[in-house]
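*Asks:* One file is attached below, protein37.pdb, containing PDB, C-alpha atoms, pLDDT in the B column.
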```
ATOM      1  CA  ARG A  11       4.559 -11.348  -2.762  1.00 59.00           C
ATOM      2  CA  THR A  12       7.867  -9.918  -1.707  1.00 71.00           C
ATOM      3  CA  ILE A  13       9.756  -7.402  -3.817  1.00 73.00           C
ATOM      4  CA  ALA A  14      12.357 -10.092  -4.519  1.00 77.00           C
ATOM      5  CA  ALA A  15       9.687 -12.489  -5.821  1.00 79.00           C
ATOM      6  CA  GLN A  16       8.184  -9.761  -8.009  1.00 77.00           C
ATOM      7  CA  LEU A  17      11.583  -8.841  -9.447  1.00 78.00           C
ATOM      8  CA  ASP A  18      12.373 -12.523 -10.022  1.00 84.00           C
ATOM      9  CA  ALA A  19       9.135 -12.855 -11.997  1.00 83.00           C
ATOM     10  CA  ILE A  20      10.102  -9.866 -14.169  1.00 80.00           C
ATOM     11  CA  GLU A  21      13.587 -11.302 -14.783  1.00 83.00           C
ATOM     12  CA  ASP A  22      12.045 -14.663 -15.674  1.00 89.00           C
ATOM     13  CA  MET A  23       9.780 -12.931 -18.206  1.00 85.00           C
ATOM     14  CA  ARG A  24      12.723 -10.979 -19.669  1.00 82.00           C
ATOM     15  CA  ALA A  25      14.704 -14.216 -20.000  1.00 90.00           C
ATOM     16  CA  ARG A  26      11.857 -15.525 -22.165  1.00 93.00           C
ATOM     17  CA  GLY A  27      11.878 -12.384 -24.304  1.00 90.00           C
ATOM     18  CA  ILE A  28       8.881 -10.747 -22.635  1.00 87.00           C
ATOM     19  CA  VAL A  29       9.729  -7.137 -21.815  1.00 82.00           C
ATOM     20  CA  PRO A  30       7.105  -4.877 -20.271  1.00 84.00           C
ATOM     21  CA  SER A  31       6.484  -1.471 -21.790  1.00 86.00           C
ATOM     22  CA  VAL A  32       4.474  -0.186 -18.811  1.00 88.00           C
ATOM     23  CA  VAL A  33       4.555  -1.188 -15.133  1.00 87.00           C
ATOM     24  CA  THR A  34       2.583  -0.298 -12.038  1.00 87.00           C
ATOM     25  CA  GLY A  35       2.280  -1.708  -8.585  1.00 84.00           C
ATOM     26  CA  TYR A  36       0.555  -1.391  -5.269  1.00 78.00           C
ATOM     27  CA  CYS A  37       2.266  -1.076  -1.890  1.00 76.00           C
ATOM     28  CA  PHE A  38       5.559  -2.978  -2.086  1.00 79.00           C
ATOM     29  CA  GLY A  39       4.781  -3.832  -5.711  1.00 82.00           C
ATOM     30  CA  GLU A  40       5.128  -0.149  -6.555  1.00 84.00           C
ATOM     31  CA  TYR A  41       8.795  -0.353  -5.513  1.00 83.00           C
ATOM     32  CA  ALA A  42       9.295  -3.421  -7.710  1.00 85.00           C
ATOM     33  CA  ALA A  43       7.650  -1.539 -10.588  1.00 86.00           C
ATOM     34  CA  ALA A  44       9.962   1.452 -10.034  1.00 84.00           C
ATOM     35  CA  VAL A  45      12.997  -0.854 -10.109  1.00 84.00           C
ATOM     36  CA  THR A  46      11.684  -2.558 -13.254  1.00 84.00           C
ATOM     37  CA  ALA A  47      11.152   0.845 -14.900  1.00 84.00           C
ATOM     38  CA  GLY A  48      14.680   1.902 -13.987  1.00 81.00           C
ATOM     39  CA  ILE A  49      13.453   4.752 -11.786  1.00 80.00           C
ATOM     40  CA  LEU A  50      15.073   3.220  -8.701  1.00 80.00           C
ATOM     41  CA  THR A  51      17.944   0.819  -8.308  1.00 80.00           C
ATOM     42  CA  LEU A  52      17.342  -2.241  -6.193  1.00 83.00           C
ATOM     43  CA  ASN A  53      19.727  -0.780  -3.589  1.00 83.00           C
ATOM     44  CA  ALA A  54      17.729   2.463  -3.481  1.00 82.00           C
ATOM     45  CA  ALA A  55      14.451   0.549  -3.086  1.00 83.00           C
ATOM     46  CA  VAL A  56      15.874  -1.525  -0.229  1.00 84.00           C
ATOM     47  CA  HIS A  57      17.265   1.651   1.390  1.00 83.00           C
ATOM     48  CA  ILE A  58      13.835   3.302   1.206  1.00 82.00           C
ATOM     49  CA  LEU A  59      12.062   0.240   2.595  1.00 81.00           C
ATOM     50  CA  VAL A  60      14.489   0.021   5.529  1.00 82.00           C
ATOM     51  CA  HIS A  61      13.895   3.717   6.313  1.00 79.00           C
ATOM     52  CA  ARG A  62      10.158   3.144   6.032  1.00 78.00           C
ATOM     53  CA  ALA A  63      10.295   0.134   8.371  1.00 78.00           C
ATOM     54  CA  ARG A  64      12.209   2.159  10.961  1.00 78.00           C
ATOM     55  CA  ALA A  65       9.739   5.052  10.705  1.00 76.00           C
ATOM     56  CA  VAL A  66       6.704   2.869  11.401  1.00 75.00           C
ATOM     57  CA  ARG A  67       8.221   0.972  14.324  1.00 76.00           C
ATOM     58  CA  GLY A  68       5.842   1.178  17.259  1.00 72.00           C
ATOM     59  CA  VAL A  69       2.748   1.926  15.175  1.00 73.00           C
ATOM     60  CA  ASP A  70       0.039  -0.566  16.048  1.00 75.00           C
ATOM     61  CA  GLY A  71      -3.248  -1.120  14.313  1.00 82.00           C
ATOM     62  CA  ALA A  72      -5.226  -3.505  12.181  1.00 87.00           C
ATOM     63  CA  LEU A  73      -6.966  -4.026   8.850  1.00 89.00           C
ATOM     64  CA  LEU A  74     -10.363  -5.531   8.129  1.00 94.00           C
ATOM     65  CA  ASN A  75     -11.687  -6.814   4.805  1.00 95.00           C
ATOM     66  CA  VAL A  76     -15.406  -6.117   4.573  1.00 98.00           C
ATOM     67  CA  PHE A  77     -17.519  -7.711   1.860  1.00 98.00           C
ATOM     68  CA  THR A  78     -20.384  -5.365   1.173  1.00 97.00           C
ATOM     69  CA  ASP A  79     -21.094  -2.034  -0.504  1.00 95.00           C
ATOM     70  CA  VAL A  80     -19.269   1.024   0.877  1.00 96.00           C
ATOM     71  CA  ASN A  81     -22.615   2.726   1.600  1.00 97.00           C
ATOM     72  CA  VAL A  82     -23.622  -0.187   3.829  1.00 97.00           C
ATOM     73  CA  VAL A  83     -20.253   0.022   5.596  1.00 97.00           C
ATOM     74  CA  ASN A  84     -20.694   3.760   6.216  1.00 96.00           C
ATOM     75  CA  ARG A  85     -24.230   3.251   7.543  1.00 97.00           C
ATOM     76  CA  LEU A  86     -23.214   0.431   9.898  1.00 97.00           C
ATOM     77  CA  LEU A  87     -20.129   2.260  11.188  1.00 96.00           C
ATOM     78  CA  ALA A  88     -21.921   5.585  11.808  1.00 96.00           C
ATOM     79  CA  PRO A  89     -23.142   4.656  15.327  1.00 96.00           C
ATOM     80  CA  LEU A  90     -19.632   3.696  16.492  1.00 96.00           C
ATOM     81  CA  SER A  91     -17.837   6.252  18.688  1.00 94.00           C
ATOM     82  CA  GLN A  92     -14.469   5.673  16.967  1.00 92.00           C
ATOM     83  CA  PRO A  93     -15.093   4.058  13.582  1.00 94.00           C
ATOM     84  CA  PRO A  94     -12.029   2.933  11.649  1.00 93.00           C
ATOM     85  CA  THR A  95     -11.062   4.606   8.392  1.00 89.00           C
ATOM     86  CA  ILE A  96     -12.018   3.265   4.993  1.00 91.00           C
ATOM     87  CA  ALA A  97      -8.571   2.550   3.578  1.00 87.00           C
ATOM     88  CA  ILE A  98      -9.445   1.038   0.228  1.00 85.00           C
ATOM     89  CA  ILE A  99     -12.548   0.520  -1.855  1.00 89.00           C
ATOM     90  CA  ALA A 100     -11.245  -2.587  -3.586  1.00 88.00           C
ATOM     91  CA  GLY A 101     -14.403  -3.321  -5.547  1.00 92.00           C
ATOM     92  CA  PRO A 102     -18.175  -2.904  -5.575  1.00 95.00           C
ATOM     93  CA  THR A 103     -18.535  -5.194  -2.561  1.00 96.00           C
ATOM     94  CA  HIS A 104     -15.060  -5.161  -1.021  1.00 96.00           C
ATOM     95  CA  VAL A 105     -13.916  -2.451   1.398  1.00 95.00           C
ATOM     96  CA  VAL A 106     -10.809  -2.454   3.597  1.00 92.00           C
ATOM     97  CA  LEU A 107     -10.964  -0.717   6.974  1.00 94.00           C
ATOM     98  CA  THR A 108      -7.943   0.421   8.961  1.00 88.00           C
ATOM     99  CA  GLY A 109      -7.167   2.013  12.292  1.00 86.00           C
ATOM    100  CA  PRO A 110      -6.405   1.229  15.925  1.00 86.00           C
ATOM    101  CA  THR A 111      -6.907  -2.464  16.691  1.00 87.00           C
ATOM    102  CA  ASP A 112      -9.696  -1.929  19.238  1.00 90.00           C
ATOM    103  CA  ASP A 113     -11.641   0.291  16.798  1.00 92.00           C
ATOM    104  CA  VAL A 114     -11.247  -2.239  13.981  1.00 92.00           C
ATOM    105  CA  ARG A 115     -12.336  -5.106  16.253  1.00 94.00           C
ATOM    106  CA  GLU A 116     -15.413  -3.097  17.356  1.00 96.00           C
ATOM    107  CA  ALA A 117     -16.278  -2.464  13.692  1.00 97.00           C
ATOM    108  CA  ASP A 118     -15.748  -6.153  12.928  1.00 97.00           C
ATOM    109  CA  HIS A 119     -18.211  -7.083  15.672  1.00 97.00           C
ATOM    110  CA  ALA A 120     -20.830  -4.538  14.537  1.00 97.00           C
ATOM    111  CA  LEU A 121     -20.560  -5.614  10.896  1.00 98.00           C
ATOM    112  CA  ARG A 122     -20.799  -9.320  11.731  1.00 97.00           C
ATOM    113  CA  GLN A 123     -23.830  -8.637  13.952  1.00 97.00           C
ATOM    114  CA  ALA A 124     -25.445  -7.056  10.879  1.00 97.00           C
ATOM    115  CA  GLY A 125     -24.693 -10.197   8.830  1.00 97.00           C
ATOM    116  CA  VAL A 126     -21.785  -8.736   6.842  1.00 98.00           C
ATOM    117  CA  LYS A 127     -18.897 -11.064   5.985  1.00 98.00           C
ATOM    118  CA  THR A 128     -15.543  -9.789   7.258  1.00 98.00           C
ATOM    119  CA  ILE A 129     -11.998 -11.079   7.449  1.00 96.00           C
ATOM    120  CA  PHE A 130      -9.711  -9.628  10.122  1.00 92.00           C
ATOM    121  CA  VAL A 131      -6.192  -9.119   8.727  1.00 85.00           C
ATOM    122  CA  PRO A 132      -3.470  -9.961  11.222  1.00 71.00           C
ATOM    123  CA  ALA A 133      -1.346  -7.015  10.090  1.00 72.00           C
ATOM    124  CA  GLN A 134       0.346  -4.790  12.607  1.00 70.00           C
ATOM    125  CA  LEU A 135       0.483  -1.692  10.428  1.00 68.00           C
ATOM    126  CA  PRO A 136      -2.731   0.199   9.729  1.00 64.00           C
ATOM    127  CA  PHE A 137      -1.771   1.443   6.277  1.00 68.00           C
ATOM    128  CA  HIS A 138      -3.915   4.273   4.886  1.00 67.00           C
ATOM    129  CA  SER A 139      -4.998   5.379   8.368  1.00 65.00           C
ATOM    130  CA  THR A 140      -4.202   8.564  10.241  1.00 69.00           C
ATOM    131  CA  LEU A 141      -1.978   6.451  12.520  1.00 68.00           C
ATOM    132  CA  MET A 142       0.509   6.456   9.632  1.00 68.00           C
ATOM    133  CA  ASP A 143       0.531  10.266   9.226  1.00 66.00           C
ATOM    134  CA  LYS A 144       3.282  11.007  11.753  1.00 71.00           C
ATOM    135  CA  PRO A 145       5.638   8.222  10.608  1.00 66.00           C
ATOM    136  CA  SER A 146       5.082   9.302   6.987  1.00 70.00           C
ATOM    137  CA  HIS A 147       5.827  12.918   7.884  1.00 69.00           C
ATOM    138  CA  ASP A 148       8.937  11.926   9.845  1.00 69.00           C
ATOM    139  CA  LEU A 149      10.255   9.761   7.025  1.00 70.00           C
ATOM    140  CA  ASN A 150      13.496  11.347   5.885  1.00 68.00           C
ATOM    141  CA  ILE A 151      14.781   9.570   2.804  1.00 67.00           C
ATOM    142  CA  PRO A 152      17.533  11.055   0.667  1.00 65.00           C
ATOM    143  CA  GLN A 153      16.766  11.669  -2.996  1.00 68.00           C
ATOM    144  CA  PHE A 154      18.312   9.220  -5.410  1.00 65.00           C
ATOM    145  CA  PRO A 155      19.442  10.146  -8.918  1.00 64.00           C
ATOM    146  CA  THR A 156      16.920   9.455 -11.666  1.00 61.00           C
ATOM    147  CA  PRO A 157      17.899   8.015 -15.027  1.00 58.00           C
ATOM    148  CA  ALA A 158      18.246  10.197 -18.107  1.00 55.00           C
ATOM    149  CA  HIS A 159      15.751   7.996 -19.956  1.00 57.00           C
ATOM    150  CA  GLN A 160      13.679   4.942 -19.299  1.00 66.00           C
ATOM    151  CA  ASP A 161      12.555   2.157 -21.604  1.00 75.00           C
ATOM    152  CA  VAL A 162       9.705   1.010 -19.381  1.00 83.00           C
ATOM    153  CA  ARG A 163       7.035   3.534 -18.423  1.00 85.00           C
ATOM    154  CA  PHE A 164       5.982   3.760 -14.781  1.00 85.00           C
ATOM    155  CA  VAL A 165       2.303   4.301 -13.934  1.00 88.00           C
ATOM    156  CA  SER A 166       1.704   5.804 -10.498  1.00 82.00           C
ATOM    157  CA  GLY A 167      -0.408   3.622  -8.246  1.00 78.00           C
ATOM    158  CA  LEU A 168      -1.677   6.827  -6.639  1.00 74.00           C
ATOM    159  CA  SER A 169      -2.655   8.924  -9.652  1.00 79.00           C
ATOM    160  CA  GLY A 170      -2.959   6.309 -12.402  1.00 82.00           C
ATOM    161  CA  ILE A 171      -0.871   8.404 -14.806  1.00 85.00           C
ATOM    162  CA  VAL A 172       2.483   7.711 -16.435  1.00 84.00           C
ATOM    163  CA  LEU A 173       5.186   9.536 -14.520  1.00 76.00           C
ATOM    164  CA  PRO A 174       8.525  10.539 -15.976  1.00 69.00           C
ATOM    165  CA  PRO A 175      11.483   9.633 -13.715  1.00 62.00           C
ATOM    166  CA  GLU A 176      11.981  13.217 -12.538  1.00 60.00           C
ATOM    167  CA  ARG A 177       8.417  13.317 -11.189  1.00 58.00           C
ATOM    168  CA  VAL A 178       8.849  10.254  -8.993  1.00 59.00           C
ATOM    169  CA  THR A 179       9.770  11.037  -5.406  1.00 54.00           C
ATOM    170  CA  THR A 180      11.118   8.605  -2.896  1.00 47.00           C
ATOM    171  CA  ALA A 181       9.388  10.075   0.126  1.00 43.00           C
TER     172      ALA A 181
END
```
Could I get this structure in the form of structure tokens?
*Replies:*
Amino acid sequence: RTIAAQLDAIEDMRARGIVPSVVTGYCFGEYAAAVTAGILTLNAAVHILVHRARAVRGVDGALLNVFTDVNVVNRLLAPLSQPPTIAIIAGPTHVVLTGPTDDVREADHALRQAGVKTIFVPAQLPFHSTLMDKPSHDLNIPQFPTPAHQDVRFVSGLSGIVLPPERVTTA
């Protein structure tokens, strides 16, 4: 879902008297959660996302959903000369790989040959891979003011803990 759709859902809930006390999100949903918590304004979130989009221009890679245990994935990828990175362990039998497109396609072939179900994700950006290190490092986003208080607590998608507004960074 887009940030706009996520924020629309929150506004729809608020209109019905449902107000969250805690929010969290993943990827773009983390920005929507920060806006909902009052940590970022919508303008600040859009500003950050535009900067982020500019920073990752030219990065090319792929993602692969793999439906087996992470130990099986590691064992089957070990013989590859350039195995992709494990980006996410989404569940006991769901792993997401990321990296350069050719490396991800080679892993896809090796896993399928071993009888493992995979789904190639037609995404251009290899999130959670080392290909994103330089753009992340080069990302220069100004700090935005944080509110004096917040009614909705924000749980970090990275650490899983409630963060006060002053602990949230925009970089």
*Asks:* Evaluated on this file, the PyMOL selection byres ((chain A and resi 82) around 12) picks out some residues - which ones are they, written as a list in words?
*Replies:* Val76, Phe77, Thr78, Asp79, Val80, Asn81, Val83, Asn84, Arg85, Leu86, Leu87, Ala88, Pro102, Thr103, His104, Val105, Ala120, Leu121, Ala124, Gly125 and Val126 of chain A
*Asks:* Would you pick out the contacts of Ala55 in chain A at 9 Å or less, using only C-alpha atoms, so that residues sharing its chain but fewer than 6 positions from it are not included, and give the list as number ranges by chain?
*Replies:* A: 41-42, 44-45, 180
*Asks:* I need the chosen residues saved as a PDB file, in the frame of the given file, with C-alpha atoms.
*Replies:*
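Generated file (out_17.pdb):
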```pdb
ATOM      1  CA  TYR A  41       8.795  -0.353  -5.513  1.00 83.00           C
ATOM      2  CA  ALA A  42       9.295  -3.421  -7.710  1.00 85.00           C
ATOM      3  CA  ALA A  44       9.962   1.452 -10.034  1.00 84.00           C
ATOM      4  CA  VAL A  45      12.997  -0.854 -10.109  1.00 84.00           C
ATOM      5  CA  THR A 180      11.118   8.605  -2.896  1.00 47.00           C
TER       6      THR A 180
END
```
*Asks:* With a distance cut-off of 12 Å and only C-alpha atoms, select the neighbouring residues of Ser31 in chain A, excluding the residue or stretch itself and same-chain residues fewer than 2 positions from it, and output the selection as a list of chain:residue names.
*Replies:* A:Ile20, A:Arg24, A:Ile28, A:Val29, A:Val33, A:Thr34, A:Ala43, A:Thr46, A:Ala47, A:Gly48, A:Gln160, A:Asp161, A:Val162, A:Arg163, A:Phe164, A:Val165, A:Val172
*Asks:* Between A:Gln16, A:Asn75, A:Gln92, A:Thr108, which is the closest to Ile129 in chain A once you count only C-alpha atoms?
*Replies:*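 The answer is A:Asn75, which sits nearest to Ile129 in chain A.
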*Asks:* Convert the output of the PyMOL selection byres ((chain A and resi 65) around 8) on the shown file into explicit residues, formatted as a tab-separated table (two decimals) with C-alpha atoms, keeping the file's coordinate frame.
*Replies:*
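As a result, selection-v9.tsv now contains:
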```tsv
chain	number	residue	atom	x	y	z
A	61	HIS	CA	13.90	3.72	6.31
A	62	ARG	CA	10.16	3.14	6.03
A	63	ALA	CA	10.30	0.13	8.37
A	64	ARG	CA	12.21	2.16	10.96
A	66	VAL	CA	6.70	2.87	11.40
A	67	ARG	CA	8.22	0.97	14.32
A	145	PRO	CA	5.64	8.22	10.61
A	146	SER	CA	5.08	9.30	6.99
A	148	ASP	CA	8.94	11.93	9.85
A	149	LEU	CA	10.26	9.76	7.02
```
*Asks:* Mind giving me the straight-line distance from CA of Leu17 in chain A to CA of Leu59 in chain A in Å, one decimal?
*Replies:*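 Pair CA of Leu17 in chain A / CA of Leu59 in chain A returns 15.1 Å.
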*Asks:* One number please: CA of Ala117 in chain A to CA of Ala133 in chain A, in Å, one decimal.
*Replies:*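 Between CA of Ala117 in chain A and CA of Ala133 in chain A the gap works out to 16.0 Å.
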*Asks:* Counting all atoms listed in the file, which of A:Ala14, A:Ile98, A:Val69, A:Ala19 gets nearest to Asn53 in chain A?
*Replies:*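 Ranked by minimum distance to Asn53 in chain A, first place goes to A:Ala14.
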*Asks:* For Thr111 in chain A, work out the shell of residues within 10 Å, counting only C-alpha atoms and skipping chain neighbours fewer than 5 positions away, then give it as a PyMOL selection string.
*Replies:* chain A and resi 70-74+94+116-117+132-136
*Asks:* Grab the CA of Gly68 in chain A to CA of Asp112 in chain A distance for me, in Å with one decimal place.
*Replies:*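 Value for the CA of Gly68 in chain A-CA of Asp112 in chain A distance: 16.0 Å.
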